[in-house]
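Structure file model05.txt with compact mmCIF, C-alpha atoms and all ligand atoms:
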```txt
# COMPACT_ATOMS: atom_id res chain seq x y z
CA MET A 1 -11.18 -0.02 -3.07
CA ARG A 2 -9.10 -1.75 -0.41
CA LEU A 3 -7.85 0.22 2.61
CA LEU A 4 -5.09 -0.59 5.06
CA LEU A 5 -5.17 1.62 8.17
CA ILE A 6 -1.99 2.31 10.11
CA GLY A 7 -2.84 3.34 13.67
CA TYR A 8 -6.14 2.81 15.43
CA GLY A 9 -6.14 5.39 18.22
CA ASN A 10 -8.41 8.41 18.56
CA VAL A 11 -8.21 9.42 14.90
CA GLY A 12 -8.23 5.85 13.54
CA ARG A 13 -11.41 4.99 15.41
CA ALA A 14 -13.06 8.29 14.44
CA PHE A 15 -12.14 7.66 10.79
CA ARG A 16 -13.64 4.17 10.77
CA LYS A 17 -16.86 5.45 12.36
CA LEU A 18 -17.12 8.41 9.97
CA LEU A 19 -16.52 6.16 6.95
CA LYS A 20 -19.36 3.86 8.08
CA GLU A 21 -21.73 6.78 8.66
CA LYS A 22 -20.97 8.60 5.42
CA SER A 23 -21.03 5.38 3.33
CA GLU A 24 -24.75 5.10 4.05
CA LYS A 25 -25.36 8.51 2.52
CA TYR A 26 -22.73 8.90 -0.19
CA PRO A 27 -22.67 6.19 -2.90
CA ILE A 28 -19.07 7.11 -3.83
CA LEU A 29 -17.96 5.57 -0.51
CA GLN A 30 -19.93 2.37 -0.82
CA ASN A 31 -17.19 0.29 -2.42
CA ILE A 32 -14.54 1.27 0.12
CA LYS A 33 -13.52 -1.59 2.37
CA ILE A 34 -11.15 -1.61 5.32
CA GLU A 35 -9.17 -4.80 4.70
CA GLY A 36 -6.76 -4.50 7.62
CA ILE A 37 -5.61 -2.34 10.52
CA ILE A 38 -2.05 -2.38 11.80
CA THR A 39 -0.70 -0.87 15.03
CA ARG A 40 2.37 -1.56 17.18
CA ARG A 41 0.41 -4.49 18.57
CA GLY A 42 0.08 -6.26 15.21
CA LEU A 43 -2.17 -6.66 12.18
CA MET A 44 -5.90 -7.22 12.40
CA ILE A 45 -7.26 -8.62 9.15
CA GLY A 46 -10.67 -7.38 8.07
CA ASP A 47 -12.82 -4.65 9.54
CA LYS A 48 -13.90 -4.94 13.16
CA GLU A 49 -14.64 -2.17 15.63
CA ASN A 50 -12.58 -3.58 18.48
CA PHE A 51 -8.92 -3.94 17.67
CA ASN A 52 -7.69 -7.46 18.22
CA PRO A 53 -4.56 -8.32 16.23
CA ASP A 54 -4.51 -11.59 14.30
CA LYS A 55 -0.74 -11.65 13.92
CA LYS A 56 2.50 -9.83 14.62
CA THR A 57 3.74 -8.41 11.32
CA THR A 58 5.65 -5.35 10.18
CA ILE A 59 3.85 -2.69 8.15
CA LEU A 60 5.86 -3.69 5.08
CA GLU A 61 4.68 -7.30 5.44
CA ALA A 62 1.13 -6.07 6.01
CA ILE A 63 1.23 -4.20 2.68
CA ASP A 64 2.14 -7.48 0.92
CA GLU A 65 -0.54 -9.39 2.76
CA ILE A 66 -3.41 -6.89 2.45
CA GLN A 67 -2.53 -5.55 -1.05
CA PRO A 68 -4.31 -2.26 -0.41
CA ASP A 69 -5.19 0.40 -2.98
CA VAL A 70 -4.88 3.09 -0.31
CA ILE A 71 -3.03 3.29 3.00
CA VAL A 72 -4.51 5.64 5.59
CA ASP A 73 -1.79 6.52 8.11
CA MET A 74 -3.16 7.68 11.46
CA SER A 75 -0.19 6.59 13.56
CA SER A 76 1.84 8.66 16.02
CA PRO A 77 4.52 10.95 14.57
CA ASN A 78 8.15 9.88 14.85
CA TYR A 79 10.19 13.03 14.23
CA LYS A 80 13.54 11.24 14.47
CA ASP A 81 13.31 9.60 11.06
CA GLY A 82 9.60 9.34 10.26
CA GLU A 83 9.69 5.54 10.57
CA PRO A 84 7.99 3.15 10.15
CA SER A 85 5.72 5.35 8.03
CA VAL A 86 8.41 6.64 5.64
CA SER A 87 9.45 3.11 4.57
CA ALA A 88 5.80 2.13 4.26
CA TYR A 89 5.11 5.15 2.02
CA VAL A 90 8.16 4.46 -0.16
CA LYS A 91 7.12 0.86 -0.68
CA ALA A 92 3.45 1.71 -1.21
CA LEU A 93 3.97 4.66 -3.55
CA SER A 94 6.58 2.71 -5.56
CA ASN A 95 3.85 0.15 -6.17
CA GLY A 96 1.22 2.75 -7.12
CA ILE A 97 -0.58 2.55 -3.76
CA HIS A 98 -2.01 5.90 -2.64
CA ILE A 99 -1.33 7.40 0.79
CA ILE A 100 -3.64 9.45 2.96
CA THR A 101 -2.10 10.66 6.18
CA THR A 102 -2.80 12.66 9.31
CA ASN A 103 0.75 11.92 10.53
CA LYS A 104 2.93 15.03 10.04
CA ALA A 105 6.36 13.48 10.56
CA PRO A 106 6.95 11.71 7.20
CA LEU A 107 6.00 14.81 5.18
CA ALA A 108 7.81 17.27 7.45
CA LEU A 109 11.00 15.21 7.00
CA LYS A 110 10.76 13.86 3.43
CA PHE A 111 8.17 15.90 1.56
CA ARG A 112 9.93 16.25 -1.78
CA GLU A 113 11.32 12.70 -1.93
CA LEU A 114 7.90 11.18 -1.26
CA MET A 115 6.15 13.48 -3.76
CA GLU A 116 8.68 12.57 -6.44
CA ILE A 117 8.11 8.84 -5.96
CA ALA A 118 4.35 9.40 -6.00
CA GLU A 119 4.51 11.44 -9.21
CA SER A 120 6.74 8.92 -10.98
CA LYS A 121 4.31 6.09 -10.18
CA GLY A 122 1.00 7.92 -10.64
CA ALA A 123 0.19 7.54 -6.95
CA LYS A 124 -1.37 10.30 -4.83
CA ILE A 125 -0.74 11.61 -1.33
CA GLY A 126 -3.56 13.24 0.64
CA PHE A 127 -2.53 15.11 3.78
CA GLN A 128 -5.26 17.53 4.78
CA GLY A 129 -5.26 16.03 8.28
CA THR A 130 -1.66 17.14 8.91
CA VAL A 131 -2.39 20.91 9.01
CA MET A 132 -5.52 22.31 10.73
CA SER A 133 -7.09 18.83 10.77
CA GLY A 134 -10.38 18.94 8.84
CA THR A 135 -10.39 22.71 8.26
CA PRO A 136 -9.41 23.05 4.59
CA SER A 137 -5.87 24.38 4.43
CA ILE A 138 -3.95 21.93 2.26
CA ASN A 139 -7.08 21.16 0.26
CA LEU A 140 -7.93 24.83 -0.17
CA PHE A 141 -4.74 25.13 -2.18
CA ARG A 142 -5.78 22.16 -4.34
CA VAL A 143 -8.53 24.34 -5.83
CA GLN A 144 -6.01 27.11 -6.57
CA PRO A 145 -3.51 25.20 -8.72
CA VAL A 146 -2.07 28.26 -10.49
CA ALA A 147 -1.94 30.65 -7.53
CA GLU A 148 1.57 31.78 -6.64
CA VAL A 149 1.73 31.93 -2.88
CA PHE A 150 4.38 34.33 -1.62
CA ARG A 151 3.41 34.63 2.04
CA ILE A 152 1.93 32.32 4.64
CA ARG A 153 1.11 33.38 8.19
CA GLY A 154 -0.75 31.35 10.70
CA ILE A 155 -1.64 30.25 14.17
CA LEU A 156 -1.18 26.54 13.70
CA ASN A 157 -0.98 25.18 17.23
CA GLY A 158 -4.11 25.15 19.37
CA THR A 159 -2.39 24.24 22.65
CA THR A 160 -0.12 27.29 22.70
CA ASN A 161 -2.88 29.59 21.46
CA TYR A 162 -5.11 28.37 24.29
CA ILE A 163 -2.39 28.98 26.89
CA LEU A 164 -1.63 32.48 25.57
CA SER A 165 -5.35 33.34 25.46
CA ARG A 166 -5.82 32.26 29.08
CA MET A 167 -2.69 34.15 30.17
CA TYR A 168 -4.19 37.23 28.51
CA GLU A 169 -7.20 36.70 30.79
CA GLY A 170 -4.95 36.66 33.85
CA LEU A 171 -3.76 33.09 34.41
CA SER A 172 -0.09 32.26 34.94
CA PHE A 173 1.72 30.05 32.41
CA GLU A 174 1.49 27.03 34.79
CA GLU A 175 -2.21 27.59 35.52
CA ALA A 176 -3.02 27.94 31.82
CA LEU A 177 -0.99 24.83 30.95
CA ASN A 178 -2.66 22.77 33.69
CA GLU A 179 -6.08 23.91 32.51
CA ALA A 180 -5.20 22.97 28.91
CA LYS A 181 -4.21 19.49 30.15
CA GLU A 182 -7.41 19.11 32.16
CA LYS A 183 -9.50 20.01 29.10
CA GLY A 184 -7.58 17.60 26.88
CA TYR A 185 -6.03 20.40 24.77
CA ALA A 186 -2.48 19.58 25.86
CA GLU A 187 -0.75 16.22 26.00
CA GLU A 188 0.74 14.91 29.23
CA ASP A 189 4.13 15.82 27.70
CA PRO A 190 3.37 19.07 25.84
CA THR A 191 7.01 19.82 24.92
CA LEU A 192 6.54 19.63 21.13
CA ASP A 193 3.65 22.08 21.29
CA LEU A 194 5.25 24.52 23.73
CA ASN A 195 8.62 24.74 21.99
CA GLY A 196 7.15 25.49 18.57
CA PHE A 197 8.09 22.14 17.04
CA ASP A 198 4.53 21.11 16.11
CA ALA A 199 3.86 24.47 14.41
CA ALA A 200 7.21 24.20 12.62
CA ALA A 201 6.31 20.73 11.28
CA LYS A 202 3.02 22.11 9.91
CA LEU A 203 4.73 25.17 8.43
CA THR A 204 7.29 22.91 6.70
CA ILE A 205 4.48 20.99 4.99
CA LEU A 206 2.67 24.19 3.98
CA VAL A 207 5.78 25.83 2.54
CA ASN A 208 6.73 22.75 0.53
CA PHE A 209 3.24 22.35 -0.84
CA MET A 210 1.99 25.91 -1.34
CA MET A 211 5.27 27.68 -2.11
CA ASN A 212 6.80 24.79 -4.07
CA ARG A 213 9.95 24.71 -1.96
CA SER A 214 12.15 21.82 -0.83
CA ILE A 215 12.63 22.33 2.89
CA ARG A 216 12.87 19.97 5.82
CA LEU A 217 11.94 20.38 9.42
CA GLY A 218 15.13 21.72 10.98
CA ASP A 219 16.02 23.99 8.04
CA PHE A 220 14.67 27.07 9.85
CA LYS A 221 14.60 28.41 13.40
CA PHE A 222 11.61 28.01 15.60
CA LYS A 223 10.84 29.31 19.04
CA GLY A 224 7.95 28.48 21.32
CA ILE A 225 6.13 30.17 24.17
CA GLU A 226 8.06 28.80 27.16
CA GLY A 227 9.84 32.07 27.94
CA ILE A 228 6.68 34.19 28.06
CA ASN A 229 5.56 35.28 31.52
CA SER A 230 2.51 37.03 32.95
CA ASP A 231 4.30 40.40 33.35
CA GLU A 232 5.10 40.49 29.64
CA ILE A 233 1.49 39.60 28.74
CA ARG A 234 0.15 42.32 31.09
CA ARG A 235 2.44 44.92 29.51
CA ILE A 236 1.40 43.94 25.98
CA LYS A 237 -2.27 43.92 26.98
CA SER A 238 -1.97 47.42 28.45
CA GLU A 239 -0.86 48.58 24.98
CA GLY A 240 -4.02 47.03 23.45
CA LYS A 241 -2.03 44.22 21.85
CA LYS A 242 -1.75 40.43 22.12
CA ILE A 243 1.10 37.96 21.77
CA LYS A 244 0.56 34.92 19.52
CA LEU A 245 2.76 32.08 18.31
CA ILE A 246 3.02 32.85 14.60
CA ALA A 247 4.20 30.51 11.85
CA TYR A 248 5.50 32.70 9.02
CA ALA A 249 7.00 32.17 5.60
CA ASP A 250 7.77 34.43 2.66
CA ASN A 251 10.37 34.18 -0.08
CA TYR A 252 13.18 35.19 2.33
CA THR A 253 12.14 34.13 5.82
CA ILE A 254 10.68 31.00 7.39
CA GLU A 255 10.14 30.99 11.14
CA VAL A 256 7.94 30.13 14.06
CA SER A 257 8.09 32.57 16.96
CA PRO A 258 5.91 34.59 19.33
CA LYS A 259 4.85 37.93 17.81
CA VAL A 260 3.06 40.95 19.25
CA LEU A 261 -0.08 41.69 17.20
CA SER A 262 -2.19 44.84 17.11
CA SER A 263 -5.98 44.79 16.90
CA GLN A 264 -5.74 45.63 13.18
CA ASP A 265 -4.34 42.17 12.58
CA PRO A 266 -7.00 39.51 11.83
CA LEU A 267 -4.97 36.92 13.76
CA PHE A 268 -5.42 39.10 16.88
CA TYR A 269 -8.97 37.72 17.16
CA ILE A 270 -8.05 34.02 17.00
CA ASP A 271 -8.32 32.82 20.59
CA GLY A 272 -8.44 29.54 22.47
CA VAL A 273 -7.74 26.33 20.55
CA GLU A 274 -8.83 27.84 17.24
CA ASN A 275 -6.32 27.97 14.38
CA ALA A 276 -6.07 30.37 11.45
CA LEU A 277 -4.11 30.68 8.26
CA GLU A 278 -3.52 33.70 6.07
CA ILE A 279 -2.35 32.95 2.54
CA GLU A 280 -1.24 35.64 0.12
CA ASN A 281 -0.87 35.00 -3.58
CA GLU A 282 -0.58 37.36 -6.54
CA ILE A 283 -4.30 38.17 -6.58
CA GLN A 284 -5.72 37.38 -3.16
CA ARG A 285 -5.24 37.48 0.55
CA ILE A 286 -7.24 34.61 1.97
CA ILE A 287 -7.85 33.99 5.65
CA ILE A 288 -9.32 30.80 7.00
CA ARG A 289 -10.06 29.98 10.60
CA GLY A 290 -11.41 26.89 12.28
CA PRO A 291 -10.61 24.02 14.57
CA GLY A 292 -7.00 22.90 14.28
CA ALA A 293 -7.27 19.60 16.11
CA GLY A 294 -9.62 16.95 17.43
CA PRO A 295 -9.94 13.34 16.27
CA ILE A 296 -13.22 13.90 14.43
CA ASN A 297 -11.77 16.85 12.56
CA ALA A 298 -8.68 14.88 11.61
CA ALA A 299 -10.89 11.98 10.47
CA TYR A 300 -12.85 14.46 8.32
CA GLY A 301 -9.61 15.59 6.74
CA ALA A 302 -8.64 12.01 5.89
CA LEU A 303 -12.09 11.07 4.59
CA THR A 304 -12.23 14.23 2.47
CA ASP A 305 -8.89 13.22 0.95
CA LEU A 306 -10.31 9.78 0.18
CA VAL A 307 -13.30 11.27 -1.65
CA LEU A 308 -11.05 13.69 -3.55
CA LEU A 309 -8.88 10.72 -4.54
CA LEU A 310 -11.93 8.80 -5.79
CA LYS A 311 -13.01 11.85 -7.80
CA GLY A 312 -9.53 12.25 -9.30
CA CYS A 313 -8.99 15.57 -7.52
CA LEU A 314 -5.98 14.80 -5.30
N1 LIG B 401 -5.87 13.71 17.76
C1 LIG B 401 -5.91 14.81 17.01
O1 LIG B 401 -6.61 15.77 17.33
C2 LIG B 401 -5.11 14.90 15.75
C3 LIG B 401 -5.36 15.93 14.83
C4 LIG B 401 -4.62 15.99 13.64
C5 LIG B 401 -3.64 15.05 13.41
N2 LIG B 401 -3.38 14.07 14.35
C6 LIG B 401 -2.33 13.09 14.07
O2 LIG B 401 -2.98 11.84 13.77
C7 LIG B 401 -2.17 10.75 14.26
C8 LIG B 401 -2.98 9.90 15.22
O3 LIG B 401 -3.39 10.68 16.33
P1 LIG B 401 -4.22 10.02 17.52
O4 LIG B 401 -4.72 11.13 18.34
O5 LIG B 401 -5.18 9.02 16.97
O6 LIG B 401 -3.07 9.23 18.31
P2 LIG B 401 -3.23 8.00 19.32
O7 LIG B 401 -4.62 7.96 19.88
O8 LIG B 401 -2.08 8.07 20.23
O9 LIG B 401 -3.07 6.71 18.37
C9 LIG B 401 -1.88 6.44 17.72
C10 LIG B 401 -1.99 5.11 17.01
O10 LIG B 401 -0.76 4.95 16.27
C11 LIG B 401 -0.29 3.64 16.50
N3 LIG B 401 1.15 3.61 16.34
C12 LIG B 401 2.08 4.33 17.00
N4 LIG B 401 3.31 4.00 16.57
C13 LIG B 401 3.14 3.05 15.63
C14 LIG B 401 4.02 2.28 14.84
N5 LIG B 401 5.35 2.45 14.94
N6 LIG B 401 3.50 1.37 13.98
C15 LIG B 401 2.16 1.21 13.88
N7 LIG B 401 1.27 1.89 14.61
C16 LIG B 401 1.75 2.80 15.48
C17 LIG B 401 -0.71 3.32 17.92
O11 LIG B 401 -0.67 1.93 18.08
P3 LIG B 401 -0.65 1.20 19.52
O12 LIG B 401 -2.02 1.41 20.04
O13 LIG B 401 -0.35 -0.22 19.21
O14 LIG B 401 0.41 1.89 20.32
C18 LIG B 401 -2.12 3.90 17.94
O15 LIG B 401 -3.04 2.97 17.40
C19 LIG B 401 -0.93 11.40 14.89
O16 LIG B 401 0.09 11.44 13.93
C20 LIG B 401 -1.41 12.80 15.24
O17 LIG B 401 -0.37 13.73 15.31
C21 LIG B 401 -4.10 13.97 15.49
```

In structure tokens, write the structure found in this file.
Ligand SMILES: NC(=O)c1ccc[n+]([C@@H]2O[C@H](COP(=O)([O-])OP(=O)(O)OC[C@H]3O[C@@H](n4cnc5c(N)ncnc54)[C@H](OP(=O)(O)O)[C@@H]3O)[C@@H](O)[C@H]2O)c1
Amino acid sequence: MRLLLIGYGNVGRAFRKLLKEKSEKYPILQNIKIEGIITRRGLMIGDKENFNPDKKTTILEAIDEIQPDVIVDMSSPNYKDGEPSVSAYVKALSNGIHIITTNKAPLALKFRELMEIAESKGAKIGFQGTVMSGTPSINLFRVQPVAEVFRIRGILNGTTNYILSRMYEGLSFEEALNEAKEKGYAEEDPTLDLNGFDAAAKLTILVNFMMNRSIRLGDFKFKGIEGINSDEIRRIKSEGKKIKLIAYADNYTIEVSPKVLSSQDPLFYIDGVENALEIENEIQRIIIRGPGAGPINAAYGALTDLVLLLKGCL
């Protein structure tokens, strides 16, 4: 099976390393071959650890040249229009090439369109790495194909959860944000985490997939944690409660916003960079918790998708 990787940053490198390690142990991975890696800097043909592009090509040209069976997209999200990934997916899926992605933007913007092309051509899309990285969220639902999900609630952004947890322990917003940056939990420009955008992108993907809806990022309101100050946190703490950035969807409402939680709520206990997701269907209320980010986790998500694809389970 021939792979073309898009993006070779933290996740791309972790994926390549994990694939090598797991191929030695799991025979199902032994015939997988990375045939090319493309980034903004160009296309490297073949599989080498250090990225050194052989030529300047577009991703669409790279698909023609490499002729992959699967594209693994680990490139940065472009929330304006999802490009160049969206065009790459359309071309690939239209030709029966499968997609595995950790990049949220294409699916948050064009979920239904891409799924329809995939279905019409017998191609598959794996996207565990887009929500809670390697902690099964998307793929948990794959083993519940007849469950009717009517409510989703989650803490889906580790950066904001870390900041709120540290504010609960007495830090100011600025101190907590600076600490998150120092520890590598927040990007240099954390805007998309702080304003709720990242959680909204993840919620969009979850709602489309688990609740069989056709929504796009931008179809519902989202609010982040920027307006929350230490006085408010102190007041909420004195009442024995916590404030958390909650992504929520039911059959009437879809939103991301800070919510005050009591200690009876299981999400009350999710602190630091941890993520959690509560899914309610007609017979169960399931709660999962685990790491929501980290390159190795995201690489696990992508590699798990690859194995599920090989087993015919995507
Ligand atoms: N890191 C995590 O913990 C994590 C967890 C879950 C999901 N994700 C998602 O996984 C993806 C990769 O994350 P990362 O941490 O590996 O990011 P990163 O280290 O910044 O790497 C991004 C890679 O994408 C490439 N890229 C950016 N724009 C491109 C374009 N237009 N065409 C081709 N390649 C392009 C970059 O190429 P150049 O080097 O040439 O610029 C780079 O190789 C992102 O979508 C991220 O949101 C990350």

Nearest to A:Val11 by atom-to-atom distance, counting only C-alpha atoms, from A:Ile228, A:Ile287, A:Val72, A:Leu177: A:Val72

Please provide the set of residues having any atom within 7 Å of A:Asp193, restricted to all atoms listed in the file, with same-chain residues fewer than 2 positions apart removed, written as a PyMOL selection string. chain A and resi 157+159-160+190-191+195-198

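Relative to atom CA of A:Leu43, atom CA of A:Leu4 is found at 9.8 Å.
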
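The gap separating atom O13 of ligand LIG 401 (chain B) from atom CA of A:Ala201 is 23.4 Å, in Å to one decimal.
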
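Of the listed residues A:Val131, A:Ile6, A:Ile246, A:Leu107, the one whose atoms come nearest to A:Tyr79 is A:Leu107, with distances taken using all atoms listed in the file.
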
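Distance check against A:Ala62 using all atoms listed in the file: of A:Gly227, A:Gly36, A:Pro77, A:Gly301, the minimum falls on A:Gly36.
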
Would you please work out which residue, of A:Pro84, A:Gly170, A:Pro27, A:Pro145, is nearest to ligand LIG 401 (chain B) when using all atoms listed in the file? A:Pro84

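Interatomic distance, atom CA of A:Thr135 to atom CA of A:Lys22: 17.9 Å.
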
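Minimum atom-to-atom distances from A:Gly122, A:Gly96, A:Pro266, A:Gly292 to ligand LIG 401 (chain B) were compared using all atoms listed in the file, and the lowest value belongs to A:Gly292.
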
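Near A:Ser76, within 8 Å and counting all atoms listed in the file, sit Gly7, Met74, Asn78 and Asn103 of chain A; same-chain residues fewer than 2 positions away were not included.
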
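Using all atoms listed in the file, the shortest contact distance between ligand LIG 401 (chain B) and any of A:Gly154, A:Asn281, A:Ile296, A:Gln144 is found at A:Ile296.
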
Mind checking which residues fall within 12 Å of A:Ile288, counting all atoms listed in the file, ignoring those fewer than 5 positions away in the same chain, and posting them as a ChimeraX atom specification? /A:132,135-141,152-156,266-267,270,274-280

As JSON, please report the centre and edge lengths, rounded to one decimal in Å, of the axis-aligned box that holds all listed atoms of ligand LIG 401 (chain B) with 6 Å of padding on each of the six sides.
```
{"center_x": -0.6, "center_y": 7.9, "center_z": 16.9, "size_x": 24.0, "size_y": 28.2, "size_z": 18.9}
```

List the neighbours of A:Glu179 out to 12 Å using only C-alpha atoms; skip same-chain residues closer than 6 positions along the sequence, and give me the result as a PyMOL selection string. chain A and resi 159-160+162-167+171-173+185-188+272

Please identify all polymer residues within 9 Å of A:Ala14, counting only C-alpha atoms, omitting same-chain residues fewer than 3 positions from it, and present them as a compact mmCIF listing (two decimals) with C-alpha atoms, in the frame of the given file.
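around-v5.txt, written as the output of this step:
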```txt
# COMPACT_ATOMS: atom_id res chain seq x y z
CA TYR A 8 -6.14 2.81 15.43
CA GLY A 9 -6.14 5.39 18.22
CA ASN A 10 -8.41 8.41 18.56
CA VAL A 11 -8.21 9.42 14.90
CA LYS A 17 -16.86 5.45 12.36
CA LEU A 18 -17.12 8.41 9.97
CA LEU A 19 -16.52 6.16 6.95
CA PRO A 295 -9.94 13.34 16.27
CA ILE A 296 -13.22 13.90 14.43
CA ASN A 297 -11.77 16.85 12.56
CA ALA A 298 -8.68 14.88 11.61
CA ALA A 299 -10.89 11.98 10.47
CA TYR A 300 -12.85 14.46 8.32
```
